[in-house]
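Colleague: Okay, here's the structure, questions in a sec.
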Amino acid sequence: MAMRPLEKLPTIRAKLGSTIVLAVATTLLISFGLIAFWLRNSPKDTESISTLGWARSVALGQPSHIPHDAMIVIREPDGTITISGNDLGILPPSFTDGVPHWGVLRSVTYATVPTPDGRWVSVLSPSPSRGSLGRISATLGFLQSAWWQFLLAGAAAGLIALLLARWMARGMTQPLRDMAAAVRRMEVGDYTARVHTSSRDEVGQLAQAFNRMSAELEDLERSRRDLVANVSHELKTPITAIRAHLENLADGVEEPDPRTLQVMLLQTERLGRLVDQLLDLSRLESGEVLFDRIVLPLAPLVARVFSEISVGHGVDDIRLEADVDPSLEVRADPERIHQVLFNLVDNAVRFTPPGGEVRISARTDAERVVVTVADTGVGIAQEHLPRLFERFYRVDASRSRDDGGTGIGLAIARSVVEAHGGRIVAESTPGHGSTFTFDLPTVPAKAVLSERGPA
């Protein structure tokens with residue numbers, strides 16, 4: 001594609017200024033041409049005065065300075081017409097009011113004056129050319145007579161347009177220059193730069209989009225640093241424990257008894273869970289996991305989760321309640337939804353004191369099933385809620401590590417729910433517990449029974 005001339009200019013300010021000046025120049029040229037054409041006969045006022053003088057000199061019998069190409073017409077009282085000089089092929093109008101007359105007739109200037117003896121003397125002065133060429137010639141002649149006025153007006157208009165263009169361009173291009181400076185800062189890892197503008201045009205919209213992108217990149221960079229730090233910490237803790245036991249075994253400080261080996265086995269299992277969860281989360285976020293969506297009854301799945309949580313944690317002092325209609329079904333992957341429910345209930349049990357309650361309820365809402373996991377635990381402060389589903393984010397880091405949590409469960413839950421086309425949110429009041437809510441696609445009443453899968 002061919003480059004336009006103005007695209008070669010290096011800055012938007014130069015392009016805008018050049019565009020405005022060219023537009024003004026074009027407008028002035030067209031306007032001056034139209035003005036000149038409209039006023040093409042205005043110089044004939046001077047010619048009319050000269051022609052009137054010539055007519056008076058002929059009437060007085062002193063035709064001394066009449067041009068050789070002029071036409072003299074004498075009209076007698078009886079109507080007889082005498083023509084002398086250059087015959088232009090036209091006659092001036094006849095008058096009877098006894099006063100001089102002048103004007104332009106077919107691009108010919110004429111003047112008619114009466115004489116004391118009742119005659120009318122007319123002098124006609126031709127233009128260089130007549131017809132359409134005559135109009136063009138008259139227009140050019142007017143431009144030649146007033147070229148410096150037009151030049152001065154055009155220069156003044158162009159200068160004013162250029163100054164206005166520079167003033168306007170400064171406000172228009174400042175956000176772009178700020179964005180360029182911010183990009184240079186991003187190149188060295190600084191994502192805190194923002195562009196400030198009050199404009200609501202396309203440049204302002206671009207600046208707002210740039211600010212949103214900068215904020216997202218800043219959050220992404222912070223998440224990346226946190227991820228590296230948290231993964232390093234999570235890997236270092238079990239590796240350090242295993243190394244310490246191995247060194248003690250090698251030095252003879254400890255004996256390879258079942259208790260020591262069991263501790264080392266638990267640490268390796270912790271490492272395995274962390275790696276598996278990281279790989280699982282990575283596949284979920286990249287869309288590599290294929291979901292086996294079937295018609296899934298919710299009530300048996302909730303009962304299974306409660307049973308596993310009870311065996312794993314020994315939560316006899318915490319009530320696990322379910323409020324799920326046995327006929328309620330969703331179309332989802334059973335293993336992945338089990339993973340979501342298990343993570344949510346597991347977290348709820350960890351942070352609910354003895355005597356508390358964890359409840360799972362479900363209800364239909366249009367074509368979705370809304371599932372809620374609520375507890376009466378310690379709750380979550382409001383400042384933590386926006387980051388609750390980020391990888392390795394912990395509200396209570398020390399307690400979470402002591403209980404064996406890795407901080408990835410909620411991130412996996414969000415990825416699974418979003419992969420099913422749903423949304424998961426958290427609400428909490430410190431001291432009054434937390435509520436996690438997500439939605440899944442429901443199953444139409446006419447669903448084929450063969451699609452139903454195991455609980």
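Convention: chains lettered A, B, ... in structure tokens order; per-chain residue numbering from 1; ligands numbered from 1 as shown.
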Do a neighbour search on Asp69 in chain A at 10 Å with only C-alpha atoms, toss out local chain neighbours closer than 3 positions, and write the hits as a list in words.
Modeller: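 Answer for this query is Ile66, Ile72, Gly85, Asn86, Asp87, Leu88, Leu124, Ser125, Pro126 and Ser127 of chain A.
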Colleague: Counting only C-alpha atoms, which residues of range 278-351 of chain A sit at most 8 Å from some atom of range 368-378 of chain A, and what is each one's closest atom pair with its distance in Å to one decimal, listed by chain and rising residue number, as a tab-separated table?
Modeller:
residue	atom	partner	partner_atom	distance
A:Val330	CA	A:Val369	CA	7.0
A:Leu344	CA	A:Val373	CA	6.9
A:Val345	CA	A:Val373	CA	7.0
A:Ala348	CA	A:Asp375	CA	5.9
A:Val349	CA	A:Asp375	CA	7.9
A:Phe351	CA	A:Gly377	CA	5.4
Colleague: Compare A:Ala244, A:Gly433, A:Ser214, A:Asp292 by their minimum atom-to-atom distance to Arg185 in chain A, counting only C-alpha atoms, and give me the closest one.
Modeller: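 Nearest to Arg185 in chain A: A:Ser214.
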Colleague: What does the structure give for the distance between CA of Val21 in chain A and CA of Gly204 in chain A, in Å to one decimal?
Modeller: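 Straight-line distance from CA of Val21 in chain A to CA of Gly204 in chain A works out to 24.8 Å.
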Colleague: Which residues, written as a list of chain:residue names, have at least one atom at most 7 Å from range 114-117 of chain A, with only C-alpha atoms counted and residues fewer than 4 positions away on the same chain left out?
Modeller: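 Contacts, with the query itself left out: A:Ala59, A:Gly98, A:Val99, A:Pro100, A:Val121.
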Colleague: Quick one, how far is CA of Leu151 in chain A from CA of Thr26 in chain A?
Modeller: 13.3 Å
Colleague: Extract the full set of alpha helix (DSSP H) residues from range 197-359 of chain A according to DSSP on the backbone, and format it as a PyMOL selection string.
Modeller: chain A and resi 202-251+258-286+298-313+334-350
